[in-house]
file query37.csv (CSV, C-alpha atoms)
chain,number,residue,atom,x,y,z
H,1,MET,CA,0.0,0.0,0.0
H,2,ARG,CA,2.8,2.4,1.0
H,3,PHE,CA,4.6,1.6,-2.3
H,4,LYS,CA,1.5,2.3,-4.4
H,5,LEU,CA,1.1,5.6,-2.6
H,6,LEU,CA,4.7,6.6,-3.2
H,7,LEU,CA,4.5,5.5,-6.9
H,8,THR,CA,1.3,7.5,-7.4
H,9,ALA,CA,2.9,10.6,-5.8
H,10,LEU,CA,6.0,10.3,-8.0
H,11,LEU,CA,3.9,9.8,-11.2
H,12,LEU,CA,1.7,12.8,-10.3
H,13,GLY,CA,4.7,14.9,-9.6
H,14,PHE,CA,6.3,13.9,-12.9
H,15,PHE,CA,3.1,14.7,-15.0
H,16,ALA,CA,2.6,18.0,-13.1
H,17,GLN,CA,6.2,19.0,-13.8
H,18,ASN,CA,5.8,18.2,-17.5
H,19,ALA,CA,2.6,20.2,-17.7
H,20,LEU,CA,4.3,23.2,-16.2
H,21,ALA,CA,7.3,22.9,-18.5
H,22,GLN,CA,5.3,23.2,-21.8
H,23,LEU,CA,6.1,26.3,-23.8
H,24,GLU,CA,3.3,28.5,-25.3
H,25,PRO,CA,3.6,29.9,-28.8
H,26,PHE,CA,3.9,33.7,-29.0
H,27,LYS,CA,4.4,33.9,-25.2
H,28,ASP,CA,7.5,31.7,-24.9
H,29,TYR,CA,8.6,31.5,-28.5
H,30,ASP,CA,7.9,33.2,-31.9
H,31,VAL,CA,7.3,31.5,-35.2
H,32,SER,CA,8.6,33.2,-38.3
H,33,ASP,CA,6.5,34.3,-41.2
H,34,GLU,CA,9.3,33.2,-43.5
H,35,LEU,CA,9.4,29.6,-44.7
H,36,TRP,CA,12.3,27.6,-46.0
H,37,ASN,CA,11.9,24.7,-48.4
H,38,ILE,CA,14.8,22.3,-47.8
H,39,THR,CA,15.4,19.4,-50.1
H,40,PHE,CA,17.8,16.7,-48.9
H,41,ILE,CA,19.9,15.0,-51.6
H,42,LYS,CA,22.3,12.2,-51.6
H,43,VAL,CA,24.7,12.8,-54.6
H,44,ALA,CA,26.4,9.7,-55.9
H,45,PRO,CA,30.2,9.4,-55.4
H,46,ASN,CA,32.2,11.4,-57.9
H,47,MET,CA,29.1,13.1,-59.2
H,48,GLY,CA,29.1,16.2,-57.0
H,49,ASP,CA,30.6,18.7,-59.5
H,50,ASP,CA,28.6,17.2,-62.4
H,51,TYR,CA,25.4,17.6,-60.4
H,52,LEU,CA,26.3,21.2,-59.4
H,53,GLU,CA,27.0,22.0,-63.0
H,54,GLY,CA,23.5,20.9,-63.9
H,55,LEU,CA,22.0,22.8,-61.0
H,56,LYS,CA,23.7,25.9,-62.1
H,57,GLU,CA,21.8,25.8,-65.4
H,58,THR,CA,18.5,24.7,-63.9
H,59,TRP,CA,17.8,25.2,-60.2
H,60,VAL,CA,20.1,28.1,-59.7
H,61,ALA,CA,19.1,29.9,-62.9
H,62,SER,CA,15.4,29.5,-62.4
H,63,ASN,CA,15.7,30.6,-58.7
H,64,LYS,CA,17.5,33.8,-59.9
H,65,VAL,CA,14.6,34.6,-62.1
H,66,ALA,CA,12.1,33.9,-59.4
H,67,LYS,CA,14.1,36.1,-57.0
H,68,GLU,CA,14.2,38.9,-59.5
H,69,LEU,CA,10.5,38.7,-59.9
H,70,GLY,CA,10.0,38.8,-56.1
H,71,GLN,CA,8.5,35.2,-56.1
H,72,ILE,CA,11.1,34.0,-53.5
H,73,GLU,CA,13.2,35.7,-51.0
H,74,ASP,CA,16.5,33.8,-51.5
H,75,PHE,CA,18.0,30.5,-52.2
H,76,ALA,CA,21.2,28.6,-51.4
H,77,ILE,CA,23.0,25.3,-51.9
H,78,TYR,CA,24.9,23.6,-48.9
H,79,ARG,CA,27.2,20.7,-49.2
H,80,SER,CA,28.4,18.5,-46.4
H,81,GLN,CA,32.2,18.6,-45.8
H,82,LEU,CA,32.2,15.3,-44.0
H,83,ALA,CA,33.0,12.1,-45.8
H,84,SER,CA,30.5,10.1,-43.9
H,85,SER,CA,27.4,12.3,-44.3
H,86,GLY,CA,24.9,9.4,-44.2
H,87,ASP,CA,21.8,9.8,-46.3
H,88,VAL,CA,22.3,13.4,-47.2
H,89,ASN,CA,25.3,15.3,-48.6
H,90,LEU,CA,23.6,18.3,-50.4
H,91,PHE,CA,20.9,20.6,-49.3
H,92,LEU,CA,18.9,22.9,-51.7
H,93,VAL,CA,17.2,25.7,-49.7
H,94,THR,CA,14.7,28.2,-50.9
H,95,LYS,CA,13.4,31.0,-48.7
H,96,PHE,CA,9.9,32.3,-49.0
H,97,ALA,CA,8.7,35.6,-47.3
H,98,ASN,CA,5.4,34.0,-46.2
H,99,ASN,CA,2.6,31.7,-47.2
H,100,ASP,CA,1.5,34.0,-50.0
H,101,GLN,CA,4.5,33.1,-52.1
H,102,LEU,CA,3.5,29.5,-51.9
H,103,LYS,CA,-0.1,29.8,-53.1
H,104,PRO,CA,-1.0,28.9,-56.7
H,105,ASN,CA,-1.1,32.1,-58.7
H,106,LYS,CA,-1.6,32.0,-62.5
H,107,ALA,CA,-0.4,35.6,-63.0
H,108,GLU,CA,2.9,34.9,-61.2
H,109,TYR,CA,3.3,31.6,-63.1
H,110,ASP,CA,2.8,33.4,-66.4
H,111,LYS,CA,5.3,36.1,-65.4
H,112,PHE,CA,7.9,33.5,-64.5
H,113,MET,CA,7.4,31.5,-67.7
H,114,LYS,CA,7.7,34.7,-69.8
H,115,ALA,CA,11.0,35.6,-68.0
H,116,TRP,CA,12.3,32.0,-68.1
H,117,GLY,CA,11.4,31.4,-71.7
H,118,ALA,CA,10.8,28.3,-73.8
H,119,ALA,CA,14.5,27.9,-74.6
H,120,ASN,CA,15.4,27.6,-70.9
H,121,GLU,CA,12.4,25.3,-70.3
H,122,ASP,CA,13.6,22.9,-73.1
H,123,ARG,CA,17.2,23.1,-71.9
H,124,THR,CA,16.1,22.2,-68.3
H,125,ARG,CA,14.2,19.2,-69.5
H,126,GLU,CA,17.3,18.0,-71.3
H,127,ILE,CA,19.7,18.5,-68.4
H,128,THR,CA,17.4,17.0,-65.7
H,129,LYS,CA,17.2,13.7,-67.7
H,130,ASP,CA,20.6,12.8,-66.2
H,131,TYR,CA,19.7,13.7,-62.6
H,132,PRO,CA,18.3,10.3,-61.5
H,133,ALA,CA,21.6,8.7,-62.2
H,134,MET,CA,23.5,11.3,-60.2
H,135,ARG,CA,21.4,11.6,-57.1
H,136,ASP,CA,18.6,10.5,-54.9
H,137,ILE,CA,16.2,13.0,-53.2
H,138,THR,CA,16.0,11.6,-49.6
H,139,GLY,CA,13.5,14.2,-48.2
H,140,GLU,CA,11.9,17.5,-48.5
H,141,TYR,CA,10.8,19.8,-45.7
H,142,LEU,CA,9.0,23.1,-45.4
H,143,VAL,CA,10.1,24.7,-42.1
H,144,ARG,CA,9.7,27.9,-40.1
H,145,GLU,CA,12.2,29.4,-37.7
H,146,ILE,CA,11.4,29.2,-34.0
H,147,THR,CA,12.8,31.9,-31.8
H,148,VAL,CA,12.7,31.0,-28.1
H,149,LYS,CA,12.3,34.1,-25.9

call {"tool": "encode", "arguments": {"input": "query37.csv", "output": "C-alpha coordinates"}}
result
Amino acid sequence: MRFKLLLTALLLGFFAQNALAQLEPFKDYDVSDELWNITFIKVAPNMGDDYLEGLKETWVASNKVAKELGQIEDFAIYRSQLASSGDVNLFLVTKFANNDQLKPNKAEYDKFMKAWGAANEDRTREITKDYPAMRDITGEYLVREITVK
(Lines of atoms letter the chains of each structure in order from A and count residues from 1; the text may use other names and numbers.)
(Lines give C-alpha, C1' and ligand atoms only; values in the text may rest on other atoms or scores of the structure.)
Protein backbone atom coordinates (compact mmCIF):
# COMPACT_ATOMS: atom_id res chain seq x y z
CA MET A 1 0.00 0.00 0.00
CA ARG A 2 2.78 2.37 0.96
CA PHE A 3 4.63 1.55 -2.26
CA LYS A 4 1.53 2.28 -4.39
CA LEU A 5 1.07 5.62 -2.63
CA LEU A 6 4.70 6.57 -3.20
CA LEU A 7 4.52 5.49 -6.85
CA THR A 8 1.31 7.49 -7.37
CA ALA A 9 2.88 10.60 -5.81
CA LEU A 10 5.96 10.26 -8.00
CA LEU A 11 3.89 9.84 -11.17
CA LEU A 12 1.65 12.81 -10.32
CA GLY A 13 4.72 14.92 -9.62
CA PHE A 14 6.27 13.89 -12.92
CA PHE A 15 3.14 14.73 -14.96
CA ALA A 16 2.59 18.01 -13.12
CA GLN A 17 6.18 19.05 -13.81
CA ASN A 18 5.78 18.19 -17.52
CA ALA A 19 2.58 20.23 -17.72
CA LEU A 20 4.33 23.23 -16.20
CA ALA A 21 7.30 22.86 -18.54
CA GLN A 22 5.30 23.20 -21.77
CA LEU A 23 6.06 26.33 -23.77
CA GLU A 24 3.34 28.48 -25.28
CA PRO A 25 3.61 29.89 -28.80
CA PHE A 26 3.87 33.70 -28.99
CA LYS A 27 4.43 33.86 -25.24
CA ASP A 28 7.53 31.69 -24.87
CA TYR A 29 8.60 31.54 -28.52
CA ASP A 30 7.85 33.16 -31.87
CA VAL A 31 7.31 31.48 -35.22
CA SER A 32 8.61 33.24 -38.33
CA ASP A 33 6.46 34.35 -41.23
CA GLU A 34 9.29 33.22 -43.50
CA LEU A 35 9.41 29.62 -44.66
CA TRP A 36 12.31 27.58 -45.96
CA ASN A 37 11.88 24.69 -48.36
CA ILE A 38 14.81 22.32 -47.81
CA THR A 39 15.45 19.41 -50.14
CA PHE A 40 17.82 16.70 -48.86
CA ILE A 41 19.87 15.04 -51.59
CA LYS A 42 22.33 12.19 -51.64
CA VAL A 43 24.66 12.78 -54.59
CA ALA A 44 26.41 9.69 -55.91
CA PRO A 45 30.17 9.39 -55.36
CA ASN A 46 32.23 11.41 -57.86
CA MET A 47 29.10 13.09 -59.23
CA GLY A 48 29.09 16.19 -57.00
CA ASP A 49 30.56 18.66 -59.46
CA ASP A 50 28.61 17.23 -62.40
CA TYR A 51 25.39 17.59 -60.44
CA LEU A 52 26.31 21.15 -59.40
CA GLU A 53 26.98 22.00 -63.05
CA GLY A 54 23.47 20.87 -63.91
CA LEU A 55 21.98 22.76 -60.96
CA LYS A 56 23.74 25.94 -62.11
CA GLU A 57 21.83 25.83 -65.40
CA THR A 58 18.50 24.66 -63.94
CA TRP A 59 17.77 25.17 -60.24
CA VAL A 60 20.08 28.15 -59.69
CA ALA A 61 19.12 29.87 -62.94
CA SER A 62 15.37 29.47 -62.36
CA ASN A 63 15.68 30.65 -58.75
CA LYS A 64 17.54 33.76 -59.90
CA VAL A 65 14.58 34.58 -62.14
CA ALA A 66 12.07 33.88 -59.35
CA LYS A 67 14.06 36.08 -56.96
CA GLU A 68 14.24 38.94 -59.48
CA LEU A 69 10.46 38.69 -59.87
CA GLY A 70 9.95 38.76 -56.09
CA GLN A 71 8.52 35.24 -56.05
CA ILE A 72 11.09 33.98 -53.55
CA GLU A 73 13.24 35.74 -50.96
CA ASP A 74 16.48 33.84 -51.46
CA PHE A 75 18.03 30.45 -52.21
CA ALA A 76 21.22 28.55 -51.38
CA ILE A 77 23.03 25.27 -51.85
CA TYR A 78 24.85 23.65 -48.93
CA ARG A 79 27.18 20.67 -49.23
CA SER A 80 28.42 18.53 -46.37
CA GLN A 81 32.16 18.64 -45.80
CA LEU A 82 32.18 15.30 -44.00
CA ALA A 83 33.04 12.11 -45.84
CA SER A 84 30.46 10.06 -43.92
CA SER A 85 27.41 12.27 -44.33
CA GLY A 86 24.90 9.44 -44.23
CA ASP A 87 21.78 9.76 -46.34
CA VAL A 88 22.30 13.44 -47.22
CA ASN A 89 25.27 15.34 -48.58
CA LEU A 90 23.64 18.25 -50.42
CA PHE A 91 20.89 20.64 -49.33
CA LEU A 92 18.87 22.86 -51.68
CA VAL A 93 17.25 25.69 -49.72
CA THR A 94 14.66 28.18 -50.93
CA LYS A 95 13.43 30.97 -48.65
CA PHE A 96 9.90 32.35 -48.99
CA ALA A 97 8.73 35.58 -47.33
CA ASN A 98 5.44 34.02 -46.20
CA ASN A 99 2.63 31.65 -47.18
CA ASP A 100 1.49 34.00 -49.96
CA GLN A 101 4.53 33.12 -52.07
CA LEU A 102 3.52 29.46 -51.95
CA LYS A 103 -0.06 29.84 -53.12
CA PRO A 104 -0.96 28.87 -56.68
CA ASN A 105 -1.05 32.05 -58.74
CA LYS A 106 -1.56 32.00 -62.51
CA ALA A 107 -0.38 35.58 -62.99
CA GLU A 108 2.90 34.88 -61.16
CA TYR A 109 3.35 31.61 -63.08
CA ASP A 110 2.83 33.40 -66.40
CA LYS A 111 5.27 36.12 -65.35
CA PHE A 112 7.90 33.51 -64.49
CA MET A 113 7.40 31.52 -67.70
CA LYS A 114 7.69 34.70 -69.79
CA ALA A 115 10.95 35.62 -68.04
CA TRP A 116 12.29 32.03 -68.09
CA GLY A 117 11.43 31.43 -71.74
CA ALA A 118 10.81 28.34 -73.83
CA ALA A 119 14.53 27.86 -74.59
CA ASN A 120 15.36 27.57 -70.89
CA GLU A 121 12.40 25.25 -70.33
CA ASP A 122 13.61 22.92 -73.10
CA ARG A 123 17.22 23.07 -71.86
CA THR A 124 16.08 22.24 -68.30
CA ARG A 125 14.20 19.17 -69.53
CA GLU A 126 17.33 17.98 -71.34
CA ILE A 127 19.71 18.51 -68.40
CA THR A 128 17.44 16.99 -65.75
CA LYS A 129 17.21 13.70 -67.65
CA ASP A 130 20.61 12.83 -66.15
CA TYR A 131 19.68 13.71 -62.56
CA PRO A 132 18.27 10.30 -61.51
CA ALA A 133 21.64 8.66 -62.24
CA MET A 134 23.50 11.30 -60.20
CA ARG A 135 21.41 11.65 -57.06
CA ASP A 136 18.55 10.51 -54.87
CA ILE A 137 16.20 12.95 -53.19
CA THR A 138 15.98 11.64 -49.63
CA GLY A 139 13.54 14.16 -48.16
CA GLU A 140 11.91 17.54 -48.48
CA TYR A 141 10.82 19.83 -45.68
CA LEU A 142 8.95 23.12 -45.37
CA VAL A 143 10.07 24.75 -42.12
CA ARG A 144 9.69 27.94 -40.11
CA GLU A 145 12.23 29.41 -37.74
CA ILE A 146 11.45 29.16 -34.01
CA THR A 147 12.84 31.92 -31.80
CA VAL A 148 12.72 31.04 -28.12
CA LYS A 149 12.29 34.10 -25.89

call {"tool": "closest_residue", "arguments": {"input": "query37.csv", "among": "H:Ser80, H:Ala97, H:Phe112, H:Tyr51", "to": "H:Lys129", "atoms": "all atoms listed in the file"}}
result
H:Tyr51

call {"tool": "residues_around", "arguments": {"input": "query37.csv", "residues": "stretch 85-91 of chain H", "least_positions_apart": "3", "cutoff": "10 Å", "atoms": "only C-alpha atoms", "output": "PyMOL selection string"}}
result
chain H and resi 37-44+48+52+76-82+94+135-140

call {"tool": "atom_distance", "arguments": {"input": "query37.csv", "atom1": "atom CA of H:Glu68", "atom2": "atom CA of H:Ala115"}}
result
9.7 Å

call {"tool": "atom_distance", "arguments": {"input": "query37.csv", "atom1": "atom CA of H:Thr147", "atom2": "atom CA of H:Gln101"}}
result
22.0 Å

call {"tool": "closest_residue", "arguments": {"input": "query37.csv", "among": "H:Arg144, H:Arg123, H:Lys111, H:Lys149", "to": "H:Thr58", "atoms": "all atoms listed in the file"}}
result
H:Arg123

call {"tool": "atom_distance", "arguments": {"input": "query37.csv", "atom1": "atom CA of H:Asp110", "atom2": "atom CA of H:Val60"}}
result
19.3 Å

call {"tool": "closest_residue", "arguments": {"input": "query37.csv", "among": "H:Gln22, H:Asp33, H:Lys103, H:Val65", "to": "H:Gly117", "atoms": "all atoms listed in the file"}}
result
H:Val65

call {"tool": "residues_around", "arguments": {"input": "query37.csv", "residues": "H:Asp74", "least_positions_apart": "6", "cutoff": "9 Å", "atoms": "all atoms listed in the file", "output": "VMD selection string"}}
result
chain H and resid 63 to 64 67 93 to 96

call {"tool": "closest_residue", "arguments": {"input": "query37.csv", "among": "H:Val148, H:Leu92, H:Ala118, H:Met113", "to": "H:Lys27", "atoms": "all atoms listed in the file"}}
result
H:Val148

call {"tool": "closest_residue", "arguments": {"input": "query37.csv", "among": "H:Asp30, H:Glu57, H:Glu145, H:Glu24", "to": "H:Arg125", "atoms": "only C-alpha atoms"}}
result
H:Glu57
